[in-house]
Amino acid sequence: MPLEPKLADFPRIRGALKFYVVCSVITGVMLLLLCTEMLFKYVGHLELFAFGPNGLLSFEPVLETPEGLESTGQGVNLSTGILIAHGWFYVVYLFSNFRLWSLMRWPFRRLLLLASGGIVPFLSFFLEARIGREVRAYLAKREADAAAARDSSDSEPVEAAQ
């Protein structure tokens, strides 16, 4: 018999699910920004800069040198900022995955699936919808079963007395 979450953990599971949903959406958006940035950098040879001499936002060329790609822009390199922000937020996303996974007592392969949502474009959006639906349905079913069991145990002594 597989392990199941305890009824006492249901409020924590709901909190973990909310945290997971928020992290999943933010990570998905950041991953799409990252993919777009990579296309600009490696296909278009451009990087996004802010507050440089060419205006508030500008795309600046990236030069191919024998040592690799070299940035020519001045100002705040938003392309690098997107890389760093996604990396750090992916760590937060992994924490939300672990929290939900451990409270739900799922098998390890489910944690791997959840973690892949932050590295496969669009997957986090699909997983967020599917996992959210599954967890909410599971919690509702378990609570209904527990309420039915409680009602049946409450009514048995009354019926036996008659």
# chains A, B, ... in the order shown; residues from 1 in each chain; ligands from 1

call {"tool": "residues_around", "arguments": {"residues": "Gly118 (chain A)", "least_positions_apart": "3", "cutoff": "7 Å", "atoms": "only C-alpha atoms", "output": "PDB file with C-alpha atoms, in the first residue's frame"}}
result
ATOM      1  CA  THR A  27       9.820  29.996 -13.587  1.00  0.00           C
ATOM      2  CA  GLY A  28       7.986  29.308 -16.858  1.00  0.00           C
ATOM      3  CA  LEU A  31      12.540  30.250 -18.911  1.00  0.00           C
ATOM      4  CA  TYR A  90      14.913  27.870 -10.463  1.00  0.00           C
ATOM      5  CA  ALA A 115      11.980  19.607 -11.613  1.00  0.00           C
ATOM      6  CA  SER A 124       5.947  24.236 -16.150  1.00  0.00           C
TER       7      SER A 124
END

call {"tool": "select_by_dssp", "arguments": {"residues": "region 4-111 of chain A", "states": "strand (DSSP E or B)", "output": "PDB file with all heavy atoms, in the first residue's frame"}}
result
ATOM      1  N   LEU A  46      23.019  39.412 -30.665  1.00  0.00           N
ATOM      2  CA  LEU A  46      22.606  40.638 -29.983  1.00  0.00           C
ATOM      3  C   LEU A  46      22.376  40.349 -28.499  1.00  0.00           C
ATOM      4  O   LEU A  46      21.957  39.256 -28.130  1.00  0.00           O
ATOM      5  CB  LEU A  46      21.300  41.175 -30.577  1.00  0.00           C
ATOM      6  CG  LEU A  46      21.309  41.626 -32.034  1.00  0.00           C
ATOM      7  CD1 LEU A  46      19.899  41.892 -32.506  1.00  0.00           C
ATOM      8  CD2 LEU A  46      22.172  42.864 -32.185  1.00  0.00           C
ATOM      9  N   GLU A  47      22.651  41.357 -27.671  1.00  0.00           N
ATOM     10  CA  GLU A  47      22.331  41.293 -26.252  1.00  0.00           C
ATOM     11  C   GLU A  47      21.541  42.532 -25.884  1.00  0.00           C
ATOM     12  O   GLU A  47      21.711  43.599 -26.474  1.00  0.00           O
ATOM     13  CB  GLU A  47      23.600  41.229 -25.388  1.00  0.00           C
ATOM     14  CG  GLU A  47      24.248  39.884 -25.340  1.00  0.00           C
ATOM     15  CD  GLU A  47      25.395  39.832 -24.348  1.00  0.00           C
ATOM     16  OE1 GLU A  47      26.132  40.826 -24.209  1.00  0.00           O
ATOM     17  OE2 GLU A  47      25.549  38.789 -23.730  1.00  0.00           O
ATOM     18  N   LEU A  48      20.687  42.392 -24.880  1.00  0.00           N
ATOM     19  CA  LEU A  48      19.839  43.499 -24.431  1.00  0.00           C
ATOM     20  C   LEU A  48      20.535  44.245 -23.299  1.00  0.00           C
ATOM     21  O   LEU A  48      20.944  43.639 -22.308  1.00  0.00           O
ATOM     22  CB  LEU A  48      18.487  42.961 -23.967  1.00  0.00           C
ATOM     23  CG  LEU A  48      17.452  43.980 -23.521  1.00  0.00           C
ATOM     24  CD1 LEU A  48      17.098  44.936 -24.669  1.00  0.00           C
ATOM     25  CD2 LEU A  48      16.200  43.280 -23.010  1.00  0.00           C
ATOM     26  N   PHE A  49      20.650  45.562 -23.464  1.00  0.00           N
ATOM     27  CA  PHE A  49      21.266  46.418 -22.461  1.00  0.00           C
ATOM     28  C   PHE A  49      20.283  47.509 -22.055  1.00  0.00           C
ATOM     29  O   PHE A  49      19.445  47.938 -22.852  1.00  0.00           O
ATOM     30  CB  PHE A  49      22.550  47.067 -23.003  1.00  0.00           C
ATOM     31  CG  PHE A  49      23.736  46.167 -22.976  1.00  0.00           C
ATOM     32  CD1 PHE A  49      23.948  45.261 -23.988  1.00  0.00           C
ATOM     33  CD2 PHE A  49      24.629  46.209 -21.920  1.00  0.00           C
ATOM     34  CE1 PHE A  49      25.034  44.414 -23.972  1.00  0.00           C
ATOM     35  CE2 PHE A  49      25.725  45.363 -21.893  1.00  0.00           C
ATOM     36  CZ  PHE A  49      25.928  44.465 -22.920  1.00  0.00           C
ATOM     37  N   ALA A  50      20.396  47.951 -20.803  1.00  0.00           N
ATOM     38  CA  ALA A  50      19.574  49.050 -20.292  1.00  0.00           C
ATOM     39  C   ALA A  50      20.486  50.175 -19.820  1.00  0.00           C
ATOM     40  O   ALA A  50      21.616  49.937 -19.385  1.00  0.00           O
ATOM     41  CB  ALA A  50      18.703  48.562 -19.139  1.00  0.00           C
ATOM     42  N   PHE A  51      19.984  51.380 -19.901  1.00  0.00           N
ATOM     43  CA  PHE A  51      20.659  52.576 -19.386  1.00  0.00           C
ATOM     44  C   PHE A  51      22.028  52.807 -20.013  1.00  0.00           C
ATOM     45  O   PHE A  51      22.932  53.308 -19.354  1.00  0.00           O
ATOM     46  CB  PHE A  51      20.790  52.513 -17.857  1.00  0.00           C
ATOM     47  CG  PHE A  51      19.504  52.189 -17.149  1.00  0.00           C
ATOM     48  CD1 PHE A  51      19.354  50.988 -16.472  1.00  0.00           C
ATOM     49  CD2 PHE A  51      18.439  53.075 -17.191  1.00  0.00           C
ATOM     50  CE1 PHE A  51      18.172  50.682 -15.832  1.00  0.00           C
ATOM     51  CE2 PHE A  51      17.250  52.775 -16.548  1.00  0.00           C
ATOM     52  CZ  PHE A  51      17.119  51.580 -15.865  1.00  0.00           C
ATOM     53  N   GLY A  52      22.164  52.453 -21.270  1.00  0.00           N
ATOM     54  CA  GLY A  52      23.419  52.678 -21.973  1.00  0.00           C
ATOM     55  C   GLY A  52      23.346  53.967 -22.779  1.00  0.00           C
ATOM     56  O   GLY A  52      22.355  54.698 -22.756  1.00  0.00           O
ATOM     57  N   GLY A  55      20.212  54.602 -25.288  1.00  0.00           N
ATOM     58  CA  GLY A  55      18.835  54.723 -24.828  1.00  0.00           C
ATOM     59  C   GLY A  55      18.539  53.860 -23.614  1.00  0.00           C
ATOM     60  O   GLY A  55      19.410  53.170 -23.079  1.00  0.00           O
ATOM     61  N   LEU A  56      17.273  53.922 -23.214  1.00  0.00           N
ATOM     62  CA  LEU A  56      16.842  53.176 -22.037  1.00  0.00           C
ATOM     63  C   LEU A  56      17.023  51.675 -22.237  1.00  0.00           C
ATOM     64  O   LEU A  56      17.557  50.981 -21.376  1.00  0.00           O
ATOM     65  CB  LEU A  56      15.368  53.495 -21.740  1.00  0.00           C
ATOM     66  CG  LEU A  56      14.767  52.822 -20.521  1.00  0.00           C
ATOM     67  CD1 LEU A  56      15.463  53.291 -19.258  1.00  0.00           C
ATOM     68  CD2 LEU A  56      13.284  53.088 -20.443  1.00  0.00           C
ATOM     69  N   LEU A  57      16.576  51.161 -23.368  1.00  0.00           N
ATOM     70  CA  LEU A  57      16.785  49.753 -23.732  1.00  0.00           C
ATOM     71  C   LEU A  57      17.356  49.707 -25.135  1.00  0.00           C
ATOM     72  O   LEU A  57      16.879  50.412 -26.026  1.00  0.00           O
ATOM     73  CB  LEU A  57      15.470  48.972 -23.710  1.00  0.00           C
ATOM     74  CG  LEU A  57      14.824  48.714 -22.364  1.00  0.00           C
ATOM     75  CD1 LEU A  57      13.474  48.045 -22.558  1.00  0.00           C
ATOM     76  CD2 LEU A  57      15.700  47.848 -21.492  1.00  0.00           C
ATOM     77  N   SER A  58      18.349  48.869 -25.335  1.00  0.00           N
ATOM     78  CA  SER A  58      18.904  48.743 -26.685  1.00  0.00           C
ATOM     79  C   SER A  58      19.531  47.363 -26.857  1.00  0.00           C
ATOM     80  O   SER A  58      20.042  46.772 -25.911  1.00  0.00           O
ATOM     81  CB  SER A  58      19.963  49.818 -26.940  1.00  0.00           C
ATOM     82  OG  SER A  58      21.055  49.666 -26.070  1.00  0.00           O
ATOM     83  N   PHE A  59      19.436  46.877 -28.090  1.00  0.00           N
ATOM     84  CA  PHE A  59      20.125  45.646 -28.448  1.00  0.00           C
ATOM     85  C   PHE A  59      21.486  46.026 -28.996  1.00  0.00           C
ATOM     86  O   PHE A  59      21.598  46.857 -29.891  1.00  0.00           O
ATOM     87  CB  PHE A  59      19.330  44.857 -29.505  1.00  0.00           C
ATOM     88  CG  PHE A  59      18.151  44.134 -28.950  1.00  0.00           C
ATOM     89  CD1 PHE A  59      16.867  44.624 -29.141  1.00  0.00           C
ATOM     90  CD2 PHE A  59      18.321  42.969 -28.225  1.00  0.00           C
ATOM     91  CE1 PHE A  59      15.775  43.959 -28.626  1.00  0.00           C
ATOM     92  CE2 PHE A  59      17.232  42.292 -27.700  1.00  0.00           C
ATOM     93  CZ  PHE A  59      15.954  42.788 -27.903  1.00  0.00           C
ATOM     94  N   GLU A  60      22.519  45.410 -28.431  1.00  0.00           N
ATOM     95  CA  GLU A  60      23.884  45.706 -28.842  1.00  0.00           C
ATOM     96  C   GLU A  60      24.512  44.450 -29.440  1.00  0.00           C
ATOM     97  O   GLU A  60      24.212  43.334 -28.998  1.00  0.00           O
ATOM     98  CB  GLU A  60      24.716  46.183 -27.640  1.00  0.00           C
ATOM     99  CG  GLU A  60      24.163  47.420 -26.952  1.00  0.00           C
ATOM    100  CD  GLU A  60      24.177  48.654 -27.829  1.00  0.00           C
ATOM    101  OE1 GLU A  60      25.049  48.757 -28.726  1.00  0.00           O
ATOM    102  OE2 GLU A  60      23.306  49.511 -27.631  1.00  0.00           O
ATOM    103  N   PRO A  61      25.366  44.612 -30.429  1.00  0.00           N
ATOM    104  CA  PRO A  61      25.966  43.435 -31.077  1.00  0.00           C
ATOM    105  C   PRO A  61      26.917  42.662 -30.162  1.00  0.00           C
ATOM    106  O   PRO A  61      27.537  43.223 -29.270  1.00  0.00           O
ATOM    107  CB  PRO A  61      26.711  44.021 -32.268  1.00  0.00           C
ATOM    108  CG  PRO A  61      26.840  45.464 -32.006  1.00  0.00           C
ATOM    109  CD  PRO A  61      25.785  45.859 -31.039  1.00  0.00           C
ATOM    110  N   VAL A  62      26.992  41.381 -30.435  1.00  0.00           N
ATOM    111  CA  VAL A  62      27.935  40.490 -29.758  1.00  0.00           C
ATOM    112  C   VAL A  62      28.899  40.018 -30.839  1.00  0.00           C
ATOM    113  O   VAL A  62      28.481  39.554 -31.896  1.00  0.00           O
ATOM    114  CB  VAL A  62      27.201  39.282 -29.130  1.00  0.00           C
ATOM    115  CG1 VAL A  62      28.189  38.309 -28.510  1.00  0.00           C
ATOM    116  CG2 VAL A  62      26.196  39.750 -28.106  1.00  0.00           C
ATOM    117  N   LEU A  63      30.190  40.173 -30.589  1.00  0.00           N
ATOM    118  CA  LEU A  63      31.198  39.805 -31.577  1.00  0.00           C
ATOM    119  C   LEU A  63      31.749  38.417 -31.298  1.00  0.00           C
ATOM    120  O   LEU A  63      31.974  38.046 -30.144  1.00  0.00           O
ATOM    121  CB  LEU A  63      32.348  40.822 -31.562  1.00  0.00           C
ATOM    122  CG  LEU A  63      31.956  42.279 -31.822  1.00  0.00           C
ATOM    123  CD1 LEU A  63      33.172  43.176 -31.681  1.00  0.00           C
ATOM    124  CD2 LEU A  63      31.333  42.430 -33.202  1.00  0.00           C
ATOM    125  N   GLU A  64      31.957  37.670 -32.385  1.00  0.00           N
ATOM    126  CA  GLU A  64      32.588  36.360 -32.254  1.00  0.00           C
ATOM    127  C   GLU A  64      34.090  36.549 -32.351  1.00  0.00           C
ATOM    128  O   GLU A  64      34.605  37.064 -33.332  1.00  0.00           O
ATOM    129  CB  GLU A  64      32.095  35.428 -33.368  1.00  0.00           C
ATOM    130  CG  GLU A  64      31.211  34.332 -32.844  1.00  0.00           C
ATOM    131  CD  GLU A  64      30.788  33.370 -33.913  1.00  0.00           C
ATOM    132  OE1 GLU A  64      29.800  33.682 -34.590  1.00  0.00           O
ATOM    133  OE2 GLU A  64      31.451  32.325 -34.047  1.00  0.00           O
ATOM    134  N   THR A  65      34.782  36.128 -31.304  1.00  0.00           N
ATOM    135  CA  THR A  65      36.241  36.223 -31.268  1.00  0.00           C
ATOM    136  C   THR A  65      36.800  34.806 -31.084  1.00  0.00           C
ATOM    137  O   THR A  65      36.051  33.886 -30.763  1.00  0.00           O
ATOM    138  CB  THR A  65      36.698  37.130 -30.095  1.00  0.00           C
ATOM    139  OG1 THR A  65      36.302  36.534 -28.862  1.00  0.00           O
ATOM    140  CG2 THR A  65      36.102  38.523 -30.206  1.00  0.00           C
ATOM    141  N   GLY A  68      35.702  33.367 -27.872  1.00  0.00           N
ATOM    142  CA  GLY A  68      34.262  33.179 -27.669  1.00  0.00           C
ATOM    143  C   GLY A  68      33.508  34.444 -28.018  1.00  0.00           C
ATOM    144  O   GLY A  68      34.021  35.324 -28.699  1.00  0.00           O
ATOM    145  N   LEU A  69      32.288  34.545 -27.538  1.00  0.00           N
ATOM    146  CA  LEU A  69      31.479  35.733 -27.801  1.00  0.00           C
ATOM    147  C   LEU A  69      31.877  36.855 -26.855  1.00  0.00           C
ATOM    148  O   LEU A  69      32.080  36.645 -25.667  1.00  0.00           O
ATOM    149  CB  LEU A  69      29.995  35.414 -27.627  1.00  0.00           C
ATOM    150  CG  LEU A  69      29.403  34.407 -28.614  1.00  0.00           C
ATOM    151  CD1 LEU A  69      27.948  34.134 -28.283  1.00  0.00           C
ATOM    152  CD2 LEU A  69      29.526  34.901 -30.035  1.00  0.00           C
ATOM    153  N   GLU A  70      31.966  38.066 -27.426  1.00  0.00           N
ATOM    154  CA  GLU A  70      32.348  39.227 -26.622  1.00  0.00           C
ATOM    155  C   GLU A  70      31.284  40.305 -26.759  1.00  0.00           C
ATOM    156  O   GLU A  70      30.893  40.684 -27.859  1.00  0.00           O
ATOM    157  CB  GLU A  70      33.705  39.766 -27.101  1.00  0.00           C
ATOM    158  CG  GLU A  70      34.243  40.869 -26.244  1.00  0.00           C
ATOM    159  CD  GLU A  70      35.613  41.321 -26.723  1.00  0.00           C
ATOM    160  OE1 GLU A  70      36.467  40.455 -26.960  1.00  0.00           O
ATOM    161  OE2 GLU A  70      35.796  42.543 -26.879  1.00  0.00           O
ATOM    162  N   SER A  71      30.835  40.789 -25.628  1.00  0.00           N
ATOM    163  CA  SER A  71      29.793  41.806 -25.585  1.00  0.00           C
ATOM    164  C   SER A  71      30.378  43.171 -25.921  1.00  0.00           C
ATOM    165  O   SER A  71      31.478  43.504 -25.488  1.00  0.00           O
ATOM    166  CB  SER A  71      29.207  41.834 -24.175  1.00  0.00           C
ATOM    167  OG  SER A  71      27.874  42.186 -24.197  1.00  0.00           O
ATOM    168  N   VAL A  76      23.697  48.309 -18.257  1.00  0.00           N
ATOM    169  CA  VAL A  76      23.329  47.099 -17.515  1.00  0.00           C
ATOM    170  C   VAL A  76      22.969  46.011 -18.519  1.00  0.00           C
ATOM    171  O   VAL A  76      22.061  46.185 -19.330  1.00  0.00           O
ATOM    172  CB  VAL A  76      22.135  47.374 -16.574  1.00  0.00           C
ATOM    173  CG1 VAL A  76      21.727  46.114 -15.845  1.00  0.00           C
ATOM    174  CG2 VAL A  76      22.460  48.491 -15.594  1.00  0.00           C
ATOM    175  N   ASN A  77      23.672  44.898 -18.464  1.00  0.00           N
ATOM    176  CA  ASN A  77      23.438  43.790 -19.383  1.00  0.00           C
ATOM    177  C   ASN A  77      22.224  42.986 -18.898  1.00  0.00           C
ATOM    178  O   ASN A  77      22.324  42.155 -18.001  1.00  0.00           O
ATOM    179  CB  ASN A  77      24.677  42.894 -19.464  1.00  0.00           C
ATOM    180  CG  ASN A  77      24.573  41.856 -20.543  1.00  0.00           C
ATOM    181  OD1 ASN A  77      23.487  41.495 -20.979  1.00  0.00           O
ATOM    182  ND2 ASN A  77      25.721  41.367 -20.984  1.00  0.00           N
TER     183      ASN A  77
END

call {"tool": "select_by_dssp", "arguments": {"residues": "chain A", "states": "helix (DSSP H, G or I)", "output": "ChimeraX atom specification"}}
result
/A:7-42,78-104,108-116,123-161

call {"tool": "closest_residue", "arguments": {"among": "A:His45, A:Arg110, A:His86, A:Arg136", "to": "Arg14 (chain A)", "atoms": "only C-alpha atoms"}}
result
A:Arg136

call {"tool": "residues_around", "arguments": {"residues": "Asn97 (chain A)", "least_positions_apart": "3", "cutoff": "10 Å", "atoms": "only C-alpha atoms", "output": "list in words"}}
result
Ala16, Leu17, Phe19, Tyr20, Val21, Cys23, Ser24, Val91, Val92, Tyr93, Leu94, Leu100, Trp101, Ser102, Arg110, Leu111, Leu112, Leu113, Leu114, Ala115 and Gly117 of chain A

call {"tool": "write_last_selection", "arguments": {"atoms": "C-alpha atoms", "output": "mmCIF file, in the first residue's frame"}}
result
data_model
loop_
_atom_site.group_PDB
_atom_site.id
_atom_site.type_symbol
_atom_site.label_atom_id
_atom_site.label_comp_id
_atom_site.auth_asym_id
_atom_site.auth_seq_id
_atom_site.Cartn_x
_atom_site.Cartn_y
_atom_site.Cartn_z
ATOM 1 C CA ALA A 16 2.688 24.165 -0.664
ATOM 2 C CA LEU A 17 0.437 23.906 -3.724
ATOM 3 C CA PHE A 19 3.611 28.258 -3.502
ATOM 4 C CA TYR A 20 4.280 25.699 -6.254
ATOM 5 C CA VAL A 21 1.729 27.296 -8.607
ATOM 6 C CA CYS A 23 6.803 29.477 -8.572
ATOM 7 C CA SER A 24 5.804 27.412 -11.591
ATOM 8 C CA VAL A 91 16.405 27.037 -7.059
ATOM 9 C CA VAL A 92 13.265 28.470 -5.388
ATOM 10 C CA TYR A 93 11.150 26.469 -7.848
ATOM 11 C CA LEU A 94 13.034 23.282 -6.909
ATOM 12 C CA LEU A 100 4.919 19.577 -2.462
ATOM 13 C CA TRP A 101 6.466 16.229 -3.392
ATOM 14 C CA SER A 102 7.430 15.374 0.192
ATOM 15 C CA ARG A 110 7.393 12.578 -9.819
ATOM 16 C CA LEU A 111 9.969 14.937 -8.267
ATOM 17 C CA LEU A 112 12.129 14.551 -11.378
ATOM 18 C CA LEU A 113 9.129 15.375 -13.573
ATOM 19 C CA LEU A 114 8.343 18.472 -11.499
ATOM 20 C CA ALA A 115 11.980 19.607 -11.613
ATOM 21 C CA GLY A 117 9.371 21.987 -15.579
#

call {"tool": "residues_around", "arguments": {"residues": "region 137-151 of chain A", "least_positions_apart": "2", "cutoff": "12 Å", "atoms": "only C-alpha atoms", "output": "ChimeraX atom specification"}}
result
/A:4-14,17,103-104,130-135,153-158

call {"tool": "write_last_selection", "arguments": {"atoms": "N, CA, C and O atoms", "output": "mmCIF file, in the first residue's frame"}}
result
data_model
loop_
_atom_site.group_PDB
_atom_site.id
_atom_site.type_symbol
_atom_site.label_atom_id
_atom_site.label_comp_id
_atom_site.auth_asym_id
_atom_site.auth_seq_id
_atom_site.Cartn_x
_atom_site.Cartn_y
_atom_site.Cartn_z
ATOM 1 N N GLU A 4 0.318 7.601 2.001
ATOM 2 C CA GLU A 4 -0.571 8.705 1.674
ATOM 3 C C GLU A 4 -0.357 9.823 2.673
ATOM 4 O O GLU A 4 0.041 9.574 3.816
ATOM 5 N N PRO A 5 -0.629 11.055 2.269
ATOM 6 C CA PRO A 5 -0.489 12.169 3.202
ATOM 7 C C PRO A 5 -1.477 12.042 4.361
ATOM 8 O O PRO A 5 -2.563 11.486 4.218
ATOM 9 N N LYS A 6 -1.092 12.576 5.492
ATOM 10 C CA LYS A 6 -1.962 12.574 6.664
ATOM 11 C C LYS A 6 -2.989 13.693 6.518
ATOM 12 O O LYS A 6 -2.694 14.745 5.937
ATOM 13 N N LEU A 7 -4.176 13.487 7.059
ATOM 14 C CA LEU A 7 -5.213 14.525 7.012
ATOM 15 C C LEU A 7 -4.752 15.801 7.709
ATOM 16 O O LEU A 7 -5.117 16.899 7.308
ATOM 17 N N ALA A 8 -3.946 15.654 8.732
ATOM 18 C CA ALA A 8 -3.446 16.825 9.459
ATOM 19 C C ALA A 8 -2.522 17.682 8.590
ATOM 20 O O ALA A 8 -2.346 18.870 8.859
ATOM 21 N N ASP A 9 -1.933 17.095 7.537
ATOM 22 C CA ASP A 9 -1.020 17.834 6.653
ATOM 23 C C ASP A 9 -1.746 18.569 5.526
ATOM 24 O O ASP A 9 -1.108 19.281 4.757
ATOM 25 N N PHE A 10 -3.049 18.401 5.396
ATOM 26 C CA PHE A 10 -3.771 18.999 4.269
ATOM 27 C C PHE A 10 -3.638 20.524 4.209
ATOM 28 O O PHE A 10 -3.469 21.071 3.118
ATOM 29 N N PRO A 11 -3.714 21.255 5.327
ATOM 30 C CA PRO A 11 -3.496 22.710 5.228
ATOM 31 C C PRO A 11 -2.091 23.045 4.723
ATOM 32 O O PRO A 11 -1.924 23.978 3.924
ATOM 33 N N ARG A 12 -1.086 22.287 5.157
ATOM 34 C CA ARG A 12 0.275 22.518 4.666
ATOM 35 C C ARG A 12 0.383 22.179 3.184
ATOM 36 O O ARG A 12 1.117 22.845 2.440
ATOM 37 N N ILE A 13 -0.324 21.149 2.750
ATOM 38 C CA ILE A 13 -0.302 20.774 1.330
ATOM 39 C C ILE A 13 -0.926 21.877 0.489
ATOM 40 O O ILE A 13 -0.413 22.220 -0.577
ATOM 41 N N ARG A 14 -2.028 22.448 0.973
ATOM 42 C CA ARG A 14 -2.656 23.547 0.228
ATOM 43 C C ARG A 14 -1.706 24.743 0.108
ATOM 44 O O ARG A 14 -1.609 25.370 -0.935
ATOM 45 N N LEU A 17 0.962 23.867 -2.355
ATOM 46 C CA LEU A 17 0.437 23.906 -3.724
ATOM 47 C C LEU A 17 0.362 25.343 -4.236
ATOM 48 O O LEU A 17 0.739 25.612 -5.379
ATOM 49 N N LEU A 103 5.329 16.399 0.942
ATOM 50 C CA LEU A 103 4.057 16.389 1.664
ATOM 51 C C LEU A 103 3.054 15.423 1.038
ATOM 52 O O LEU A 103 2.275 14.785 1.743
ATOM 53 N N MET A 104 3.089 15.306 -0.289
ATOM 54 C CA MET A 104 2.158 14.401 -0.978
ATOM 55 C C MET A 104 2.647 12.952 -0.957
ATOM 56 O O MET A 104 1.895 12.050 -1.313
ATOM 57 N N ARG A 130 -1.911 20.620 -14.434
ATOM 58 C CA ARG A 130 -2.199 19.201 -14.164
ATOM 59 C C ARG A 130 -1.998 18.837 -12.693
ATOM 60 O O ARG A 130 -2.862 18.216 -12.064
ATOM 61 N N ILE A 131 -0.870 19.235 -12.131
ATOM 62 C CA ILE A 131 -0.566 18.914 -10.734
ATOM 63 C C ILE A 131 -1.560 19.608 -9.811
ATOM 64 O O ILE A 131 -2.061 19.005 -8.859
ATOM 65 N N GLY A 132 -1.872 20.855 -10.099
ATOM 66 C CA GLY A 132 -2.848 21.569 -9.277
ATOM 67 C C GLY A 132 -4.200 20.886 -9.277
ATOM 68 O O GLY A 132 -4.833 20.719 -8.226
ATOM 69 N N ARG A 133 -4.638 20.467 -10.444
ATOM 70 C CA ARG A 133 -5.928 19.764 -10.571
ATOM 71 C C ARG A 133 -5.891 18.437 -9.818
ATOM 72 O O ARG A 133 -6.817 18.098 -9.078
ATOM 73 N N GLU A 134 -4.797 17.676 -9.973
ATOM 74 C CA GLU A 134 -4.669 16.375 -9.305
ATOM 75 C C GLU A 134 -4.658 16.516 -7.784
ATOM 76 O O GLU A 134 -5.335 15.759 -7.086
ATOM 77 N N VAL A 135 -3.889 17.458 -7.277
ATOM 78 C CA VAL A 135 -3.767 17.618 -5.825
ATOM 79 C C VAL A 135 -5.098 18.080 -5.234
ATOM 80 O O VAL A 135 -5.543 17.545 -4.214
ATOM 81 N N SER A 153 -19.479 6.440 11.512
ATOM 82 C CA SER A 153 -19.115 5.998 12.863
ATOM 83 C C SER A 153 -19.941 6.725 13.921
ATOM 84 O O SER A 153 -20.224 6.168 14.973
ATOM 85 N N ASP A 154 -20.371 7.966 13.638
ATOM 86 C CA ASP A 154 -21.218 8.703 14.575
ATOM 87 C C ASP A 154 -22.627 8.137 14.612
ATOM 88 O O ASP A 154 -23.268 8.126 15.653
ATOM 89 N N SER A 155 -23.127 7.664 13.485
ATOM 90 C CA SER A 155 -24.508 7.190 13.422
ATOM 91 C C SER A 155 -24.661 5.746 13.896
ATOM 92 O O SER A 155 -25.739 5.335 14.271
ATOM 93 N N GLU A 156 -23.605 4.960 13.929
ATOM 94 C CA GLU A 156 -23.692 3.553 14.348
ATOM 95 C C GLU A 156 -24.146 3.386 15.793
ATOM 96 O O GLU A 156 -25.051 2.596 16.058
ATOM 97 N N PRO A 157 -23.612 4.101 16.764
ATOM 98 C CA PRO A 157 -24.054 3.889 18.151
ATOM 99 C C PRO A 157 -25.521 4.266 18.346
ATOM 100 O O PRO A 157 -26.226 3.626 19.112
ATOM 101 N N VAL A 158 -26.001 5.266 17.634
ATOM 102 C CA VAL A 158 -27.388 5.680 17.758
ATOM 103 C C VAL A 158 -28.316 4.581 17.225
ATOM 104 O O VAL A 158 -29.309 4.248 17.832
#

call {"tool": "closest_residue", "arguments": {"among": "A:Ser152, A:Leu3, A:Gly15, A:Pro53", "to": "Arg105 (chain A)", "atoms": "only C-alpha atoms"}}
result
A:Leu3

call {"tool": "closest_residue", "arguments": {"among": "A:Thr72, A:Ser79, A:Ser96, A:Asn54", "to": "Leu33 (chain A)", "atoms": "only C-alpha atoms"}}
result
A:Ser79

call {"tool": "atom_distance", "arguments": {"atom1": "CA of Glu128 (chain A)", "atom2": "CA of Thr36 (chain A)"}}
result
21.6 Å
